[in-house]
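S.K.: What follows is a single structure, and I will ask about it in a moment.
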Amino acid sequence: MGVQKEDVEKFLNDNPAFAKQYFSKKMTSSSISKVFRVSEKQVDFSQFQELGQVIHYVFNDKNMSRFSFNYYFLLLFKYEESQIMYDLIKDMQENINMEKVVFKILKRIGTLIHADRCSLFMYRQRNGIGELATRLFNVNTEAQLDDCVVPPDSEIVYPLDMGIVGHVALTKKPVNVKDVTESQHFSSFVDELTDYKTRNILAAPILNGKDLVAVIMALNKTTGPHFTAEDEDLFLKYLKIATLNLKIYHLSYLHSCETRKGQLLLWSANKVFEELTDIERQFHKALYTVRAYLNCDRYSVGLLDMTKEKEFFDIWPVLMGEQAPYSGPVTPDGREVIFYKVIDYILHGKEDIKVIPNPPADHWALSSGLPTYVAESGFICNIMNAAADETFKFQTEPLDSSGWTIKNVLSLPIVNKKEEIVGIATFYNRKDGKPFDDQDEQLMEALTQFLGWSVLNTDTYDKMNRLENRKDIAQDMVLYHVKCRDDEIQNILNTREVYGNEPRECEEEELLDILKKDLPPLIKKFEIYEFRFSDLKCTEMELVKCGIQMYYEVGVVKKFQVPQEVLVRFMYSVSKGYRKITYHNWRHGFNVGQTMFTLLTTGALKRYYTDLEVMAMITAGFLHDIDHRGTNNLYQVKSGNPLAKLHGSSILERHHLEFGKFLLADESLNIYQNLHRRQFEHVIHLTDIAIIATDLALYFKKRTMFQKIVDLSHTYEDEKKWVDFMSLETTRKEIVMAMMMTACDLSAITKPWEVQSKVALSVAAEFWEQGDLERTVLEQQPIPMMDRNKAAELPKLQCGFIDFVCTFVYKEFSRFHPQIQPMLDGILNNRKEWNTKKEEYEATLKALEEEKAAKDAAKAPSNNHGGGGSGSKTCTVC
């Protein structure tokens, strides 16, 4: 009977000195390679010699007498494994590239599980479709890193629905295929491509959370028919290190992409908002600025013609049969795909930019048809190997003198907010040689989306320019119809008749002679200085002349060097600016200006204001209702008038103000043209306040402030001190001026009864016209004041208006300046007249009601019943 294994173990345990001597003598690279079933080249004998020092102490330890032969080699294995783990962690710490670390892991895995070869497949997406591409291929125990790293143009790409690798990527679960012929997922196309025979496969996914990063695969067990469960455990254990490394790589890559995206959007936003004039300049600035973050050799932008409808002269040849209808590609919104400009950005070698207007169809950027296809479909196109793609067959030689050729392409549509494709951005050749992946697609898509949305800026700028141009045209048209013409000015400055010249050809003294002859008498004739002034006997032209003379009366024409022709044209144009409506017409505008003039002169309020301020206040009075539409602010809101959208509050008042400034902006109408800048700004400021103050909604806010100023005036015994004080009080002067504008605007209520009653009917008629519009256009019931069906209630409404709105103004002004007492007397007298009318109306109404009640009582049937009972005698009015 031979020697048994147990006998040898017992002998070695009992004789440790002999065992040490024996193994030191017999332990060679050849013997170790046979034990571990690896080649001698893979045995690092120095590690085993270092471990021998440890074993020496172990063998000399008498307490370890049971130390066995198997445990000795287990120690050797553990030591080598820990050394490899240490090296891998060290490589990752030193940021050595991912391929090198995974390559070492795959070599170690191949050694431990006796796999013929291993491969790494990286997951990526192109055109929204996932795929696996070889990164490390055919890693075996004797392979070199450079031989296993797959260059981008030699990649083997697996769709996720193909092969065992694709199946692992889809399921995200490891597999151990013991016989590939029995697997329905196995695909032999790589075997055929590489002339290799796959028998069995061990594969596992690398995940970052739930996201697939890669798949690692081992092929063909060399020492057995298939990979065992122990091999699978060992495989997965080492994959944990690979997973950590690939996670770090993946996160680093994602961080780099997000950083690039952030920088790209930040810089493009910076440039996009710098340039608003046109889309070409906007795109160019943004794309050129972010070139460093695009990670490509070259990119081009094709700008599409945005014309949707052809002109009639382009359609006629088609309709006449002289030209074939267009049958080429069209964009999703129906436009013909026509690139009117291509901008080519060259980043490789010497940077350059080429702009090609009206590029021919055979231009290299368009000849592939890819930009046209993207424009037609709106899809993102990512081509990993241009040389093998049908669309790039035209590329038979380098495209420029530098020898540059297209290797991979990413093309995206630039879509604006209206979902119209405005251009195509095409990026060529990723700098690292790899094809563009899903991160590149997302980054470029973010850029193109941002550029597309930013088109809104240029569109808005273009619309603003168009609106500005239309506004200028509309203003020019308005000015043409409103502005005093050369023939019209002869009605006042008849220089042709007197001098045989136009006013601009005459001297100022000559013009003054004409005006002195005709205008001053009108002031006395029509009692312009009186509060009782009535325009009923005046023609509109006489009102214009009186308005001109008022400026001479307050002495501002000469003082502020107002050109007399300009003054005449201004007043004439203001009169034409008022619409021919029932009440808020030029006559009302003049009345307000005349009342302001009278308050300043006859009412002695001028002593608080400078001549420049007096001029501004009189002008504001004339302008305060220019271009009134005959409807109030509320109607503008209800009807959706553009004025309501333009002005948030005091709608019509702000429109009158803008219209007045519009007239003054014309040099031939600007009566302030010889003021210096600060004077002009002060005049405009006062005009703003004065005209906006005519909004009755603001009147109630300023009543208390005005009353306090009146009370304050009575605390001064010395009138001169009060005037000196008020002259310096800017805010108080503005409050008084605002209240003066209200007093002027309502002044018709203070006129003599024979005037006031007629004016009141004009006001009521205009209100009723608005009421009719509300009833017919807005389909709303008007308030009683604007309802012509309640016209008989006018006296009652007038009394209410006088009591709650008007009386306070004139009562306080008469208290402030006794010279203004006639206005208060006038309103109180008119209150009596309207009250009389109201009582007459109420008496008549009561009589009619009594008469109607009597008739109803007479017609009511008797409720008495036969039999003489005491029945109730009542009547029912239905």
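Identifiers in the structure tokens: chain A, B, ... in order shown; residue index from 1 per chain; ligand index from 1 in order shown.
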What lies within 10 Å of Phe659 in chain A using only C-alpha atoms, ignoring chain neighbours under 6 positions off, as a ChimeraX atom specification?
M.R.: /A:475,574,577,623-627,653,665
S.K.: Using only C-alpha atoms, which residues sit within 8 Å of range 720-730 of chain A once same-chain residues fewer than 3 positions away are excluded, as a list of chain:residue names?
M.R.: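 My reading of the contact set: A:Arg607, A:Tyr608, A:Tyr609, A:Ser713, A:Tyr716, A:Lys733, A:Glu734.
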S.K.: Output N, CA and C atoms for every residue in the selection just made, as a compact mmCIF listing (two decimals), in the first residue's frame.
M.R.:
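Everything below was put into result_32.txt:
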```txt
# COMPACT_ATOMS: atom_id res chain seq x y z
N ARG A 607 -49.77 135.83 -9.02
CA ARG A 607 -48.70 136.36 -8.19
C ARG A 607 -47.85 135.27 -7.53
N TYR A 608 -48.36 134.03 -7.50
CA TYR A 608 -47.58 132.93 -6.91
C TYR A 608 -46.65 132.26 -7.92
N TYR A 609 -46.85 132.53 -9.17
CA TYR A 609 -46.16 131.77 -10.22
C TYR A 609 -45.26 132.66 -11.07
N SER A 713 -53.38 130.18 4.52
CA SER A 713 -53.30 131.56 3.98
C SER A 713 -53.97 132.57 4.91
N TYR A 716 -51.87 134.35 7.78
CA TYR A 716 -50.93 135.43 7.45
C TYR A 716 -51.69 136.75 7.39
N LYS A 733 -47.62 125.05 -4.52
CA LYS A 733 -47.99 125.67 -5.79
C LYS A 733 -48.54 124.64 -6.77
N GLU A 734 -47.94 123.45 -6.77
CA GLU A 734 -48.42 122.39 -7.67
C GLU A 734 -49.81 121.92 -7.26
```
S.K.: May I have the residues within 10 Å of Leu447 in chain A as a list in words, using only C-alpha atoms and disregarding those fewer than 3 positions away in the same chain?
M.R.: Lys261, Leu264, Leu265, Ser268, Ala269, Ala286, Leu287, Val290, Leu294, Leu412, Ile414, Ala425, Glu441, Gln442, Leu443, Met444, Phe450, Leu451, Gly452 and Trp453 of chain A
S.K.: Distance CA of Pro642 in chain A-CA of His655 in chain A, one decimal place?
M.R.: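 Pair CA of Pro642 in chain A / CA of His655 in chain A returns 10.8 Å.
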S.K.: Just the number, please: distance in Å from CA of Lys638 in chain A to CA of Leu778 in chain A, one decimal.
M.R.: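 CA of Leu778 in chain A lies at a distance of 7.7 Å from CA of Lys638 in chain A.
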S.K.: Do a neighbour search on Ser119 in chain A at 7 Å with only C-alpha atoms, toss out local chain neighbours closer than 4 positions, and write the hits as a PyMOL selection string.
M.R.: chain A and resi 136-139+216-218
S.K.: Can you list every residue of range 558-636 of chain A that has an atom at most 8 Å from range 747-767 of chain A, with its nearest atom pair and the distance in Å to one decimal, using only C-alpha atoms, ordered by chain then number, as JSON lines?
M.R.:
```
{"residue": "A:Ile581", "atom": "CA", "partner": "A:Glu766", "partner_atom": "CA", "distance": 7.9}
{"residue": "A:Thr582", "atom": "CA", "partner": "A:Glu766", "partner_atom": "CA", "distance": 5.6}
{"residue": "A:Tyr583", "atom": "CA", "partner": "A:Ser762", "partner_atom": "CA", "distance": 5.6}
{"residue": "A:Val592", "atom": "CA", "partner": "A:Ser747", "partner_atom": "CA", "distance": 7.4}
{"residue": "A:Thr595", "atom": "CA", "partner": "A:Ser747", "partner_atom": "CA", "distance": 7.2}
{"residue": "A:Gly630", "atom": "CA", "partner": "A:Glu766", "partner_atom": "CA", "distance": 6.4}
{"residue": "A:Thr631", "atom": "CA", "partner": "A:Phe767", "partner_atom": "CA", "distance": 7.5}
```
S.K.: Could you write out that same residue set with all heavy atoms as a PDB file, in the first residue's frame?
M.R.:
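This went into again-v3.pdb:
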```
ATOM      1  N   ILE A 581     -66.777 116.435 -31.746  1.00  0.00           N
ATOM      2  CA  ILE A 581     -67.743 115.674 -30.951  1.00  0.00           C
ATOM      3  C   ILE A 581     -68.646 116.639 -30.201  1.00  0.00           C
ATOM      4  O   ILE A 581     -68.476 117.857 -30.262  1.00  0.00           O
ATOM      5  CB  ILE A 581     -67.023 114.715 -29.974  1.00  0.00           C
ATOM      6  CG1 ILE A 581     -66.019 115.464 -29.113  1.00  0.00           C
ATOM      7  CG2 ILE A 581     -66.325 113.612 -30.735  1.00  0.00           C
ATOM      8  CD1 ILE A 581     -65.291 114.581 -28.104  1.00  0.00           C
ATOM      9  N   THR A 582     -69.592 116.102 -29.453  1.00  0.00           N
ATOM     10  CA  THR A 582     -70.677 116.918 -28.900  1.00  0.00           C
ATOM     11  C   THR A 582     -70.199 117.935 -27.874  1.00  0.00           C
ATOM     12  O   THR A 582     -70.568 119.110 -27.925  1.00  0.00           O
ATOM     13  CB  THR A 582     -71.743 116.006 -28.272  1.00  0.00           C
ATOM     14  OG1 THR A 582     -72.142 115.032 -29.242  1.00  0.00           O
ATOM     15  CG2 THR A 582     -72.956 116.808 -27.845  1.00  0.00           C
ATOM     16  N   TYR A 583     -69.386 117.518 -26.914  1.00  0.00           N
ATOM     17  CA  TYR A 583     -68.985 118.445 -25.861  1.00  0.00           C
ATOM     18  C   TYR A 583     -67.473 118.627 -25.761  1.00  0.00           C
ATOM     19  O   TYR A 583     -66.983 119.761 -25.755  1.00  0.00           O
ATOM     20  CB  TYR A 583     -69.538 117.984 -24.503  1.00  0.00           C
ATOM     21  CG  TYR A 583     -69.035 118.847 -23.357  1.00  0.00           C
ATOM     22  CD1 TYR A 583     -69.449 120.180 -23.244  1.00  0.00           C
ATOM     23  CD2 TYR A 583     -68.140 118.350 -22.419  1.00  0.00           C
ATOM     24  CE1 TYR A 583     -68.974 120.986 -22.208  1.00  0.00           C
ATOM     25  CE2 TYR A 583     -67.666 119.146 -21.384  1.00  0.00           C
ATOM     26  CZ  TYR A 583     -68.078 120.462 -21.287  1.00  0.00           C
ATOM     27  OH  TYR A 583     -67.612 121.273 -20.275  1.00  0.00           O
ATOM     28  N   VAL A 592     -61.470 125.987 -21.014  1.00  0.00           N
ATOM     29  CA  VAL A 592     -60.608 125.631 -19.894  1.00  0.00           C
ATOM     30  C   VAL A 592     -59.366 126.527 -19.909  1.00  0.00           C
ATOM     31  O   VAL A 592     -58.937 127.025 -18.863  1.00  0.00           O
ATOM     32  CB  VAL A 592     -60.224 124.133 -19.961  1.00  0.00           C
ATOM     33  CG1 VAL A 592     -59.159 123.786 -18.914  1.00  0.00           C
ATOM     34  CG2 VAL A 592     -61.455 123.263 -19.763  1.00  0.00           C
ATOM     35  N   THR A 595     -60.417 129.997 -18.744  1.00  0.00           N
ATOM     36  CA  THR A 595     -60.662 130.072 -17.298  1.00  0.00           C
ATOM     37  C   THR A 595     -59.344 130.096 -16.542  1.00  0.00           C
ATOM     38  O   THR A 595     -59.193 130.806 -15.537  1.00  0.00           O
ATOM     39  CB  THR A 595     -61.525 128.884 -16.843  1.00  0.00           C
ATOM     40  OG1 THR A 595     -62.714 128.832 -17.620  1.00  0.00           O
ATOM     41  CG2 THR A 595     -61.892 129.007 -15.375  1.00  0.00           C
ATOM     42  N   GLY A 630     -65.043 111.349 -26.667  1.00  0.00           N
ATOM     43  CA  GLY A 630     -66.458 111.450 -26.327  1.00  0.00           C
ATOM     44  C   GLY A 630     -66.926 110.361 -25.380  1.00  0.00           C
ATOM     45  O   GLY A 630     -68.124 110.246 -25.117  1.00  0.00           O
ATOM     46  N   THR A 631     -66.006 109.552 -24.873  1.00  0.00           N
ATOM     47  CA  THR A 631     -66.324 108.510 -23.896  1.00  0.00           C
ATOM     48  C   THR A 631     -65.330 108.613 -22.749  1.00  0.00           C
ATOM     49  O   THR A 631     -64.220 109.120 -22.925  1.00  0.00           O
ATOM     50  CB  THR A 631     -66.241 107.100 -24.519  1.00  0.00           C
ATOM     51  OG1 THR A 631     -64.983 106.967 -25.203  1.00  0.00           O
ATOM     52  CG2 THR A 631     -67.367 106.880 -25.525  1.00  0.00           C
TER      53      THR A 631
END
```
S.K.: Name all residues at most 7 Å from range 156-162 of chain A (count only C-alpha atoms; drop same-chain ones fewer than 5 positions away) and give them as a count of residues only.
M.R.: 10
S.K.: Residues near range 99-106 of chain A, anyone? I mean within 8 Å using only C-alpha atoms, not counting same-chain ones fewer than 5 positions away, as a list in words.
M.R.: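 After dropping sequence-adjacent residues, the list is Leu88, Asp91, Met92, Cys118, Ser119, Arg135, Leu136, Val139, Asn140, Leu145, Val149, Tyr238, Leu239, Ile241, Ala242 and Asn245 of chain A.
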S.K.: Filtering to C-alpha atoms, could you give me those residues as an mmCIF file, in the first residue's frame?
M.R.:
```
data_model
loop_
_atom_site.group_PDB
_atom_site.id
_atom_site.type_symbol
_atom_site.label_atom_id
_atom_site.label_comp_id
_atom_site.auth_asym_id
_atom_site.auth_seq_id
_atom_site.Cartn_x
_atom_site.Cartn_y
_atom_site.Cartn_z
ATOM 1 C CA LEU A 88 -5.719 49.102 -8.157
ATOM 2 C CA ASP A 91 -4.133 53.739 -9.501
ATOM 3 C CA MET A 92 -7.648 55.093 -8.914
ATOM 4 C CA CYS A 118 -12.543 39.539 -21.271
ATOM 5 C CA SER A 119 -14.088 42.700 -22.732
ATOM 6 C CA ARG A 135 -13.888 50.070 -25.038
ATOM 7 C CA LEU A 136 -11.541 47.182 -24.015
ATOM 8 C CA VAL A 139 -8.172 41.250 -22.705
ATOM 9 C CA ASN A 140 -6.273 38.017 -21.918
ATOM 10 C CA LEU A 145 -3.199 47.719 -22.756
ATOM 11 C CA VAL A 149 -8.103 49.748 -26.130
ATOM 12 C CA TYR A 238 -13.703 41.801 -8.593
ATOM 13 C CA LEU A 239 -16.404 43.653 -10.477
ATOM 14 C CA ILE A 241 -13.698 47.285 -7.775
ATOM 15 C CA ALA A 242 -14.423 47.789 -11.465
ATOM 16 C CA ASN A 245 -13.778 52.799 -10.837
#
```
S.K.: Looking at A:Ser534, A:Thr194, A:Asn127, A:Ser668, which one is nearest to Glu445 in chain A, with distances taken over only C-alpha atoms?
M.R.: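 So, comparing all the options, the nearest one is A:Asn127.
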S.K.: I'd like the contact shell of Gly648 in chain A - 12 Å cut-off, only C-alpha atoms, skipping same-chain residues fewer than 4 positions apart - returned as a PyMOL selection string.
M.R.: chain A and resi 633-634+636-637+641-644+652-655
S.K.: Just give me the gap between CA of Lys107 in chain A and CA of Lys221 in chain A in Å, one decimal is fine.
M.R.: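 Separation between CA of Lys107 in chain A and CA of Lys221 in chain A: 14.0 Å.
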S.K.: So which bits of range 435-538 of chain A end up alpha helix (DSSP H) when you DSSP the backbone, as a ChimeraX atom specification?
M.R.: /A:438-482,486-489,495-498,508-518,520-525
S.K.: Could you tell me which of A:Ile489, A:Met384, A:Ile528, A:Ile353 comes closest to Met571 in chain A if we count only C-alpha atoms?
M.R.: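 Looking only at the distances to Met571 in chain A, the closest residue turns out to be A:Ile489.
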S.K.: Measuring atom to atom with only C-alpha atoms, identify which of A:Phe339, A:Leu845, A:Cys381, A:Lys354 is nearest to Leu366 in chain A.
M.R.: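 Using only C-alpha atoms, the shortest distance to Leu366 in chain A belongs to A:Phe339.
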